[in-house]
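For reference, entry15.txt (compact mmCIF, C-alpha atoms and all ligand atoms):
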```
# COMPACT_ATOMS: atom_id res chain seq x y z
CA MET A 1 -20.09 0.71 1.62
CA LEU A 2 -18.22 3.58 0.06
CA ILE A 3 -15.24 5.04 1.91
CA ARG A 4 -14.36 8.42 0.45
CA ILE A 5 -11.14 10.11 1.50
CA GLU A 6 -10.31 13.71 0.66
CA ARG A 7 -7.18 14.35 -1.38
CA ASN A 8 -5.38 16.05 1.52
CA LEU A 9 -6.16 13.05 3.78
CA ARG A 10 -7.87 15.42 6.25
CA GLU A 11 -11.36 13.91 6.01
CA LEU A 12 -12.84 10.47 5.50
CA SER A 13 -16.52 9.72 5.07
CA LEU A 14 -18.48 6.49 5.13
CA TRP A 15 -21.43 6.14 2.78
CA ALA A 16 -24.30 3.74 2.24
CA VAL A 17 -24.63 3.30 -1.52
CA GLY A 18 -27.02 1.48 -3.89
CA ASP A 19 -29.21 -1.11 -2.17
CA GLU A 20 -27.37 -0.47 1.10
CA VAL A 21 -29.37 2.75 1.45
CA ARG A 22 -32.68 0.90 1.51
CA GLU A 23 -31.34 -1.89 3.72
CA ALA A 24 -29.39 0.13 6.29
CA VAL A 25 -30.79 3.66 6.23
CA GLY A 26 -34.23 3.25 4.71
CA GLY A 27 -35.70 5.07 1.72
CA ALA A 28 -33.63 6.02 -1.29
CA PRO A 29 -30.58 8.23 -1.88
CA PRO A 30 -31.40 11.92 -2.40
CA LYS A 31 -31.92 12.81 -6.10
CA GLY A 32 -28.63 12.85 -8.01
CA ALA A 33 -26.64 11.41 -5.08
CA ARG A 34 -24.95 8.01 -5.12
CA GLY A 35 -25.83 7.33 -1.54
CA VAL A 36 -26.20 8.66 1.95
CA ARG A 37 -23.29 9.92 4.01
CA VAL A 38 -23.39 8.09 7.31
CA HIS A 39 -20.32 9.30 9.16
CA THR A 40 -17.34 11.63 8.75
CA VAL A 41 -13.91 11.39 10.37
CA LYS A 42 -11.44 14.29 10.60
CA ASP A 43 -7.71 13.60 10.21
CA PRO A 44 -8.08 9.83 9.86
CA ARG A 45 -5.16 7.71 10.99
CA LEU A 46 -6.68 4.54 9.56
CA VAL A 47 -9.21 3.82 6.84
CA LEU A 48 -11.26 1.94 9.43
CA ASP A 49 -10.43 3.43 12.81
CA THR A 50 -12.10 0.79 14.97
CA ALA A 51 -11.33 2.58 18.24
CA ALA A 52 -13.07 5.76 17.10
CA LEU A 53 -15.95 3.89 15.44
CA LEU A 54 -16.65 1.79 18.52
CA ALA A 55 -16.69 4.92 20.67
CA LEU A 56 -19.44 6.54 18.58
CA PRO A 57 -22.90 7.12 20.04
CA SER A 58 -24.62 3.77 19.91
CA VAL A 59 -27.07 4.44 17.07
CA ARG A 60 -24.34 5.78 14.76
CA ARG A 61 -21.99 2.99 15.79
CA ASP A 62 -24.53 0.31 14.93
CA LEU A 63 -25.29 1.87 11.56
CA VAL A 64 -21.58 1.89 10.70
CA MET A 65 -21.29 -1.75 11.84
CA ARG A 66 -24.24 -2.59 9.58
CA LEU A 67 -22.41 -1.01 6.63
CA LEU A 68 -19.34 -3.09 7.38
CA ASP A 69 -21.47 -6.23 6.91
CA PHE A 70 -22.14 -5.49 3.26
CA PRO A 71 -20.11 -7.65 0.89
CA VAL A 72 -18.57 -4.95 -1.29
CA ARG A 73 -16.35 -2.12 -0.12
CA GLU A 74 -15.44 0.74 -2.42
CA THR A 75 -12.57 3.07 -1.55
CA GLU A 76 -12.35 6.41 -3.32
CA PHE A 77 -9.48 8.84 -3.06
CA ASP A 78 -8.87 11.91 -5.20
CA GLY A 79 -11.48 10.79 -7.73
CA VAL A 80 -10.06 7.27 -8.16
CA SER A 81 -11.83 4.28 -6.68
CA VAL A 82 -11.55 0.51 -6.47
CA THR A 83 -14.13 -1.94 -5.24
CA TRP A 84 -13.20 -4.85 -3.05
CA PRO A 85 -15.64 -7.77 -3.13
CA LYS A 86 -14.63 -9.33 0.20
CA HIS A 87 -15.93 -12.80 -0.55
CA ARG A 88 -14.26 -13.10 -3.95
CA PHE A 89 -10.91 -11.69 -2.92
CA PRO A 90 -10.71 -12.22 0.85
CA GLY A 91 -6.91 -12.25 0.98
CA VAL A 92 -6.32 -9.19 -1.18
CA TRP A 93 -4.95 -6.06 0.44
CA SER A 94 -7.64 -3.41 -0.11
CA PRO A 95 -6.54 0.24 0.18
CA THR A 96 -5.44 1.17 3.68
CA ILE A 97 -3.94 4.34 5.10
CA ASP A 98 -0.48 3.48 3.75
CA THR A 99 -1.91 3.06 0.24
CA LEU A 100 -3.47 6.50 0.42
CA LEU A 101 -0.41 8.18 1.91
CA LEU A 102 1.58 6.78 -1.00
CA ALA A 103 -1.02 7.93 -3.54
CA ARG A 104 -0.98 11.44 -2.08
CA ALA A 105 2.81 11.52 -2.34
CA LEU A 106 2.64 10.34 -5.97
CA ARG A 107 0.29 13.09 -7.10
CA PRO A 108 2.80 15.93 -7.58
CA LEU A 109 5.34 13.56 -9.14
CA LEU A 110 2.82 12.39 -11.72
CA ARG A 111 1.87 15.95 -12.56
CA ALA A 112 5.47 17.08 -12.91
CA ARG A 113 6.60 14.13 -15.05
CA PRO A 114 4.04 11.51 -16.09
CA PRO A 115 5.80 8.17 -16.64
CA ARG A 116 5.66 6.37 -20.00
CA THR A 117 6.50 3.03 -18.36
CA PHE A 118 5.38 1.95 -14.92
CA LEU A 119 5.75 -1.02 -12.56
CA GLU A 120 3.97 -1.75 -9.32
CA ILE A 121 5.51 -4.47 -7.19
CA GLY A 122 2.87 -5.92 -4.85
CA CYS A 123 -0.24 -4.40 -6.42
CA GLY A 124 -2.84 -5.70 -3.92
CA SER A 125 -6.25 -4.35 -5.00
CA GLY A 126 -4.63 -2.44 -7.88
CA PHE A 127 -5.55 0.94 -6.41
CA LEU A 128 -2.11 2.54 -6.81
CA SER A 129 -1.74 1.33 -10.39
CA LYS A 130 -5.19 2.62 -11.19
CA TYR A 131 -4.28 5.92 -9.58
CA VAL A 132 -1.16 6.26 -11.73
CA LEU A 133 -2.95 5.30 -14.96
CA SER A 134 -5.94 7.56 -14.23
CA LYS A 135 -3.93 10.63 -13.30
CA CYS A 136 -1.59 10.29 -16.30
CA ARG A 137 -4.52 9.77 -18.66
CA ASP A 138 -6.37 12.76 -17.20
CA ALA A 139 -3.23 14.87 -17.70
CA GLY A 140 -3.18 13.89 -21.40
CA SER A 141 -0.02 11.72 -21.05
CA PRO A 142 -1.29 8.14 -20.83
CA VAL A 143 1.11 5.48 -19.60
CA ALA A 144 2.36 3.41 -22.57
CA GLU A 145 3.28 0.25 -20.63
CA ALA A 146 2.35 -0.86 -17.13
CA ARG A 147 3.22 -4.03 -15.27
CA LEU A 148 1.65 -5.26 -12.05
CA MET A 149 3.29 -7.90 -9.88
CA ASP A 150 1.98 -9.79 -6.87
CA ILE A 151 2.34 -13.22 -5.29
CA ASN A 152 -1.42 -13.49 -4.81
CA PRO A 153 -3.32 -14.48 -7.98
CA ASP A 154 -6.44 -12.80 -6.62
CA ALA A 155 -4.53 -9.52 -6.35
CA LEU A 156 -3.72 -9.74 -10.05
CA LEU A 157 -7.39 -10.46 -10.85
CA SER A 158 -8.41 -7.56 -8.66
CA GLY A 159 -5.83 -5.36 -10.43
CA MET A 160 -7.19 -6.41 -13.83
CA GLU A 161 -10.72 -5.47 -12.83
CA ALA A 162 -9.54 -2.19 -11.35
CA LEU A 163 -7.61 -1.16 -14.45
CA ALA A 164 -10.17 -2.24 -17.07
CA PRO A 165 -12.07 1.07 -17.10
CA VAL A 166 -8.94 3.26 -17.31
CA GLN A 167 -6.60 1.09 -19.36
CA GLY A 168 -7.29 2.67 -22.76
CA ASP A 169 -4.28 2.01 -25.03
CA THR A 170 -1.92 1.23 -22.16
CA LEU A 171 -0.29 -2.15 -22.63
CA VAL A 172 -0.76 -3.81 -19.23
CA SER A 173 0.93 -7.04 -18.17
CA TYR A 174 0.61 -9.03 -14.97
CA SER A 175 3.23 -11.11 -13.26
CA LEU A 176 2.49 -13.79 -10.67
CA ASN A 177 5.61 -13.77 -8.55
CA ARG A 178 6.55 -16.62 -6.24
CA ALA A 179 6.74 -15.91 -2.52
CA GLY A 180 10.32 -15.74 -1.37
CA ARG A 181 11.65 -16.15 -4.94
CA ARG A 182 13.50 -13.55 -6.93
CA ILE A 183 11.24 -11.03 -8.63
CA PRO A 184 11.30 -11.50 -12.41
CA GLU A 185 13.74 -9.43 -14.41
CA SER A 186 12.12 -6.61 -16.31
CA GLY A 187 12.54 -2.94 -16.96
CA PRO A 188 13.79 -0.36 -16.84
CA TYR A 189 10.72 1.67 -15.95
CA ASP A 190 10.25 5.42 -15.61
CA LEU A 191 8.36 4.87 -12.36
CA VAL A 192 8.35 1.93 -9.95
CA VAL A 193 5.96 1.94 -6.99
CA CYS A 194 6.05 -0.46 -4.07
CA ASN A 195 4.18 -0.56 -0.78
CA PRO A 196 5.78 -3.80 0.40
CA PRO A 197 5.24 -5.92 3.48
CA TYR A 198 7.26 -3.82 5.90
CA VAL A 199 6.85 -5.29 9.37
CA PRO A 200 9.91 -7.41 10.09
CA ARG A 201 9.47 -10.70 11.87
CA PRO A 202 11.75 -13.42 13.07
CA HIS A 203 12.24 -16.25 10.56
CA ALA A 204 9.82 -14.77 8.04
CA GLU A 205 11.39 -16.74 5.22
CA VAL A 206 10.62 -20.05 6.94
CA ASN A 207 7.02 -19.83 7.99
CA ASN A 208 5.40 -16.80 6.44
CA PRO A 209 6.53 -15.54 3.09
CA PHE A 210 3.89 -12.80 3.15
CA GLU A 211 5.72 -10.87 5.83
CA GLY A 212 9.22 -9.67 6.43
CA LEU A 213 11.51 -7.47 4.41
CA PHE A 214 12.08 -9.64 1.37
CA LEU A 215 10.91 -7.14 -1.24
CA TYR A 216 13.24 -4.39 -0.04
CA GLY A 217 16.19 -6.73 -0.56
CA GLU A 218 14.93 -7.64 -4.03
CA ILE A 219 14.47 -4.00 -4.99
CA VAL A 220 18.02 -3.20 -3.93
CA ARG A 221 19.36 -6.22 -5.83
CA MET A 222 17.37 -5.47 -8.98
CA ALA A 223 17.72 -1.70 -8.90
CA PRO A 224 19.92 -1.30 -11.99
CA ARG A 225 17.49 -3.37 -14.08
CA LEU A 226 14.25 -1.89 -12.78
CA LEU A 227 15.37 1.70 -13.03
CA ALA A 228 17.19 3.85 -15.54
CA HIS A 229 19.08 7.00 -14.70
CA GLY A 230 16.32 9.55 -14.10
CA SER A 231 13.71 6.93 -13.18
CA ARG A 232 11.95 7.16 -9.84
CA LEU A 233 11.12 4.51 -7.30
CA VAL A 234 8.46 5.45 -4.76
CA LEU A 235 8.53 3.19 -1.76
CA MET A 236 6.93 2.88 1.69
CA LEU A 237 9.07 2.62 4.81
CA SER A 238 7.87 1.78 8.30
CA SER A 239 9.58 2.72 11.56
CA THR A 240 9.31 -0.98 12.48
CA SER A 241 12.05 -1.77 9.95
CA GLU A 242 13.46 1.58 8.88
CA ALA A 243 16.67 1.19 10.90
CA GLU A 244 17.73 -1.63 8.54
CA VAL A 245 15.96 -0.67 5.37
CA ARG A 246 16.93 2.97 5.02
CA PRO A 247 20.72 2.45 5.21
CA ALA A 248 20.44 -0.50 2.82
CA LEU A 249 18.55 1.65 0.33
CA ALA A 250 20.88 4.60 0.85
CA ARG A 251 23.83 2.47 -0.26
CA VAL A 252 22.25 2.19 -3.71
CA PHE A 253 19.85 5.12 -4.08
CA ALA A 254 19.67 8.83 -3.45
CA LEU A 255 16.67 9.11 -1.11
CA ARG A 256 14.20 11.92 -0.55
CA ASP A 257 11.33 11.76 1.96
CA LEU A 258 8.00 12.72 0.42
CA ALA A 259 5.46 12.20 3.22
CA SER A 260 5.21 10.80 6.70
CA LEU A 261 2.40 9.82 9.09
CA GLU A 262 2.15 8.08 12.45
CA VAL A 263 -0.53 5.41 12.36
CA PRO A 264 -1.67 2.60 14.66
CA LEU A 265 -0.20 -0.83 14.00
CA LYS A 266 -3.62 -2.46 13.69
CA ILE A 267 -2.62 -5.97 12.66
CA PRO A 268 -4.12 -8.38 15.22
CA VAL A 269 -2.26 -11.40 13.87
CA ILE A 270 0.90 -9.62 15.04
CA THR A 271 -0.29 -7.85 18.17
CA ALA A 272 -2.87 -10.21 19.73
CA ARG A 273 -0.35 -12.54 21.45
CA LEU A 274 -2.85 -15.42 21.31
CA SER A 275 -0.53 -17.79 19.48
CA LYS A 276 3.10 -18.81 19.85
CA GLU A 277 3.87 -17.07 16.54
CA SER A 278 2.22 -13.82 17.56
CA ARG A 279 3.95 -13.80 20.97
CA ARG A 280 7.30 -14.44 19.35
CA TRP A 281 6.67 -11.75 16.76
CA MET A 282 5.64 -9.15 19.33
CA ASP A 283 8.58 -10.03 21.58
CA TYR A 284 10.87 -9.51 18.64
CA LEU A 285 9.35 -6.13 17.75
CA GLU A 286 9.16 -4.92 21.34
CA LYS A 287 12.62 -6.02 22.43
CA GLY A 288 14.07 -4.55 19.25
CA GLY A 289 12.53 -1.16 20.12
CA ARG A 290 10.69 -1.26 16.81
CA LEU A 291 7.28 -0.08 18.02
CA LEU A 292 5.94 3.27 19.11
CA GLU A 293 3.86 2.77 22.24
CA ASP A 294 0.99 4.65 23.81
CA PRO A 295 0.84 2.85 27.19
CA THR A 296 -2.23 4.83 28.26
CA GLU A 297 -4.07 3.80 25.07
CA LYS A 298 -5.81 7.19 25.22
CA SER A 299 -5.25 7.36 21.47
CA GLY A 300 -7.34 4.19 21.14
CA TYR A 301 -4.30 2.09 20.23
CA ARG A 302 -1.31 0.81 22.12
CA TRP A 303 1.05 0.15 19.21
CA TRP A 304 1.95 2.66 16.54
CA GLN A 305 4.38 3.01 13.68
CA ARG A 306 5.58 5.90 11.53
CA LEU A 307 5.13 5.44 7.80
CA THR A 308 7.36 7.38 5.43
CA VAL A 309 7.06 7.52 1.66
CA VAL A 310 10.46 7.91 0.03
CA GLU A 311 11.51 8.66 -3.51
CA ALA A 312 14.63 6.75 -4.53
CA ARG A 313 16.77 7.49 -7.57
CA LEU A 314 19.83 5.76 -8.87
CA PRO A 315 23.04 7.69 -9.15
CA ALA A 316 24.14 7.96 -12.81
CA THR A 317 26.74 5.20 -12.53
CA LEU A 318 24.25 2.52 -11.44
CA GLY A 319 21.24 3.17 -13.66
CA SER A 320 20.64 1.88 -17.16
CA ALA A 321 21.91 4.09 -19.95
CA GLY A 322 18.46 4.96 -21.22
CA THR A 323 14.87 3.87 -21.00
CA ALA A 324 15.10 1.63 -24.07
CA ARG A 325 14.39 -2.01 -23.34
CA GLY A 326 17.18 -4.54 -23.66
CA SER A 327 19.97 -2.01 -23.35
CA SER A 328 23.29 -3.80 -23.03
CA SER A 329 24.95 -0.96 -21.20
CA PRO A 330 27.73 -2.24 -18.94
CA SER A 331 26.17 -0.20 -16.16
CA ARG A 332 23.33 -2.78 -16.01
CA ARG A 333 25.34 -5.12 -13.84
CA ALA A 334 23.66 -6.10 -10.54
CA ALA A 335 24.18 -3.97 -7.46
CA ARG A 336 26.09 -5.48 -4.55
CA PRO A 337 23.49 -7.64 -2.78
CA VAL A 338 22.46 -6.21 0.54
CA ARG A 339 21.29 -8.53 3.25
CA LEU A 340 18.57 -7.02 5.39
CA ALA A 341 18.65 -8.24 8.96
CA ARG A 342 15.37 -9.77 10.11
C1 LIG A 401 1.18 -3.86 1.92
S1 LIG A 401 0.41 -4.72 0.59
C2 LIG A 401 0.25 -3.37 -0.55
C3 LIG A 401 -0.82 -3.55 -1.61
C4 LIG A 401 -1.08 -2.35 -2.51
N1 LIG A 401 0.10 -1.98 -3.26
C5 LIG A 401 -1.53 -1.16 -1.68
O1 LIG A 401 -0.71 -0.27 -1.44
O2 LIG A 401 -2.71 -1.13 -1.29
C6 LIG A 401 1.80 -5.63 -0.05
C7 LIG A 401 1.49 -6.46 -1.28
O3 LIG A 401 2.72 -7.08 -1.71
C8 LIG A 401 2.43 -8.39 -2.15
N2 LIG A 401 3.71 -9.15 -2.11
C9 LIG A 401 4.34 -9.71 -1.06
N3 LIG A 401 5.48 -10.31 -1.44
C10 LIG A 401 5.60 -10.12 -2.78
C11 LIG A 401 6.56 -10.49 -3.78
N4 LIG A 401 7.62 -11.23 -3.47
N5 LIG A 401 6.35 -10.13 -5.06
C12 LIG A 401 5.25 -9.41 -5.39
N6 LIG A 401 4.31 -9.02 -4.49
C13 LIG A 401 4.47 -9.37 -3.21
C14 LIG A 401 1.34 -8.86 -1.19
O4 LIG A 401 0.61 -9.96 -1.72
C15 LIG A 401 0.50 -7.59 -1.07
O5 LIG A 401 -0.50 -7.52 -2.07
```

Please rewrite the model in this file as structure tokens.
Ligand SMILES: C[S@@+](CC[C@H](N)C(=O)[O-])C[C@H]1O[C@@H](n2cnc3c(N)ncnc32)[C@H](O)[C@@H]1O
Amino acid sequence: MLIRIERNLRELSLWAVGDEVREAVGGAPPKGARGVRVHTVKDPRLVLDTAALLALPSVRRDLVMRLLDFPVRETEFDGVSVTWPKHRFPGVWSPTIDTLLLARALRPLLRARPPRTFLEIGCGSGFLSKYVLSKCRDAGSPVAEARLMDINPDALLSGMEALAPVQGDTLVSYSLNRAGRRIPESGPYDLVVCNPPYVPRPHAEVNNPFEGLFLYGEIVRMAPRLLAHGSRLVLMLSSTSEAEVRPALARVFALRDLASLEVPLKIPVITARLSKESRRWMDYLEKGGRLLEDPTEKSGYRWWQRLTVVEARLPATLGSAGTARGSSSPSRRAARPVRLAR
């Protein structure tokens, strides 16, 4: 299945492509077309809006469900696409609405000042890195060095496959980070991008290193090494944790909001309340006033969050002296560690 999202995020369409056309729609794609458009969504709030899809007229609904069965999902936004082979990389984060909101916010920044050096922390499928490399290459200013980090080896493999067709002369390196361990020292970079795990949970560090606010703390701690004066960090915030994260970031960075969107919190492992962990997690989020709620569920979802993409820059005194590697500027000392409450 191909999921194609317009650059302004105002329209999303679902397509049967390749053999899926014969198997789900019948016949062949029209001449010159990659596939058959099966359904279009206006102003999507999710890449797969299950509430809206399940409310479709039955024939359309069942066709969409058939498409969801196919083993490969391709997501295309603003001319850049990645494929996600579900069975090979089941645990890899394929592009979701937050990924696309971040990509949309990156677009004008990349046009105004394409980075020579780039880091993505938590690359998932590799979509955002591919987006950066593709847009810079198309603008005639290819990225010289890119680094992708994740704690999931499959995410790095997925990133490698995603970047292969657009890599050109860019020197790309991959770093397998350890969950809950310090991120490796590297940098500075002209541009750092991170769409981190952002939903806080109680005791994340003990029983689930994939969740919680760990990466925000690491970014704050590592800021003077990752970024030079003039570098940009583009980061996702969620209203579920913004009350802690924003002030912690603001102590180190000058922040500017780039984009914002309210979206459903569609993460059943958090919201389902069918396990002790999920009940404890939801209690923590609810009692902490961290969730936006639609008690009527007329929107199709009970729990919502507001996502905000921020640009963060170091003030001159904290950043590295220049973008040269290995600078021994005294300003490269570590920032005061900031503990983020969980
Ligand atoms: C919300 S997903 C975002 C994925 C991708 N950047 C996107 O926007 O589609 C967060 C990613 O961070 C990764 N991650 C979590 N903790 C990490 C850490 N300590 N170091 C590097 N990556 C981490 C996860 O494995 C996951 O791929």

Using only C-alpha atoms, tabulate the residues of region 137-204 of chain A lying at most 7 Å from any atom of region 214-233 of chain A, each with its closest atom pair and that distance in Å to one decimal, by chain and increasing residue number, as JSON lines.
```
{"residue": "A:Gly180", "atom": "CA", "partner": "A:Phe214", "partner_atom": "CA", "distance": 6.9}
{"residue": "A:Arg182", "atom": "CA", "partner": "A:Glu218", "partner_atom": "CA", "distance": 6.7}
{"residue": "A:Ile183", "atom": "CA", "partner": "A:Glu218", "partner_atom": "CA", "distance": 6.8}
{"residue": "A:Ser186", "atom": "CA", "partner": "A:Leu226", "partner_atom": "CA", "distance": 6.3}
{"residue": "A:Gly187", "atom": "CA", "partner": "A:Leu226", "partner_atom": "CA", "distance": 4.6}
{"residue": "A:Pro188", "atom": "CA", "partner": "A:Leu226", "partner_atom": "CA", "distance": 4.4}
{"residue": "A:Tyr189", "atom": "CA", "partner": "A:Leu227", "partner_atom": "CA", "distance": 5.5}
{"residue": "A:Asp190", "atom": "CA", "partner": "A:Ser231", "partner_atom": "CA", "distance": 4.5}
{"residue": "A:Leu191", "atom": "CA", "partner": "A:Arg232", "partner_atom": "CA", "distance": 4.9}
{"residue": "A:Val192", "atom": "CA", "partner": "A:Leu233", "partner_atom": "CA", "distance": 4.6}
{"residue": "A:Val193", "atom": "CA", "partner": "A:Leu233", "partner_atom": "CA", "distance": 5.8}
{"residue": "A:Pro196", "atom": "CA", "partner": "A:Leu215", "partner_atom": "CA", "distance": 6.3}
```

Export of the given selection (C-alpha atoms) as a compact mmCIF listing (two decimals), keeping the file's coordinate frame:
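Result file out_5.txt:
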```txt
# COMPACT_ATOMS: atom_id res chain seq x y z
CA GLY A 180 10.32 -15.74 -1.37
CA ARG A 182 13.50 -13.55 -6.93
CA ILE A 183 11.24 -11.03 -8.63
CA SER A 186 12.12 -6.61 -16.31
CA GLY A 187 12.54 -2.94 -16.96
CA PRO A 188 13.79 -0.36 -16.84
CA TYR A 189 10.72 1.67 -15.95
CA ASP A 190 10.25 5.42 -15.61
CA LEU A 191 8.36 4.87 -12.36
CA VAL A 192 8.35 1.93 -9.95
CA VAL A 193 5.96 1.94 -6.99
CA PRO A 196 5.78 -3.80 0.40
```

Contacts of Leu171 (chain A) at 12 Å (only C-alpha atoms; same-chain gap of 6+ positions) as a ChimeraX atom specification: /A:116-119,133,142-148,160,163-164

Test item: residues lying within 9 Å of ligand LIG 401 (chain A) with only C-alpha atoms and all ligand atoms, as a ChimeraX atom specification: /A:91-100,102-103,120-129,148-153,155-156,175-184,193-198,209-215,218,236

Residue nearest Val234 (chain A) - candidates A:Lys42, A:Arg34, A:Arg246, A:Arg313, atoms counted: all atoms listed in the file: A:Arg313

Closest pair table for region 112-151 of chain A residues within 8 Å of region 62-81 of chain A, only C-alpha atoms, as a Markdown table:
```
| residue | atom | partner | partner_atom | distance |
| --- | --- | --- | --- | --- |
| A:Phe127 | CA | A:Ser81 | CA | 7.1 |
| A:Lys130 | CA | A:Val80 | CA | 7.4 |
| A:Tyr131 | CA | A:Val80 | CA | 6.1 |
| A:Ser134 | CA | A:Val80 | CA | 7.3 |
```

Residues within 7 Å of Trp15 (chain A), all atoms listed in the file, excluding chain neighbours under 4 positions, as a PyMOL selection string: chain A and resi 1-3+35-38

Nearest to Pro85 (chain A), chosen from A:Asp154, A:Glu20, A:Asp43, A:Asp169, with only C-alpha atoms counted in the distances: A:Asp154

Pairwise distance for CA of Leu255 (chain A) and CA of Thr308 (chain A), rounded to one decimal in Å: 11.5 Å

Distance of CA of Arg88 (chain A) from CA of Ala24 (chain A), expressed in Å to one decimal place: 22.6 Å

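Considering the residues A:His87, A:His203, A:Ala139, A:Arg61 and counting all atoms listed in the file, Ala112 (chain A) has its shortest atom-to-atom contact with A:Ala139.
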
Build an axis-aligned box that encloses every atom of region 254-270 of chain A listed in the file, pad it by 3 Å on each side, and report its centre and edge lengths in Å to one decimal, as JSON.
```
{"center_x": 7.8, "center_y": 0.7, "center_z": 5.9, "size_x": 29.8, "size_y": 30.1, "size_z": 24.7}
```

Atomic distance CA of Gly27 (chain A) - CA of Ser13 (chain A), expressed in Å with one decimal: 20.0 Å

Which of A:Thr170, A:Pro200, A:Arg302, A:Arg113 sits closest to Ala51 (chain A) [using all atoms listed in the file]: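 So, comparing all the options, the nearest one is A:Arg302.
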
Would you kindly return, as a tab-separated table (two decimals) with C-alpha atoms, in the frame of the given file, each protein, DNA or RNA residue with an atom no farther than 9 Å from any atom of Arg256 (chain A), considering only C-alpha atoms and excluding same-chain residues fewer than 6 positions away?
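Printed below is out.tsv as written:
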```
chain	number	residue	atom	x	y	z
A	309	VAL	CA	7.06	7.52	1.66
A	310	VAL	CA	10.46	7.91	0.03
A	311	GLU	CA	11.51	8.66	-3.51
A	312	ALA	CA	14.63	6.75	-4.53
A	313	ARG	CA	16.77	7.49	-7.57
```
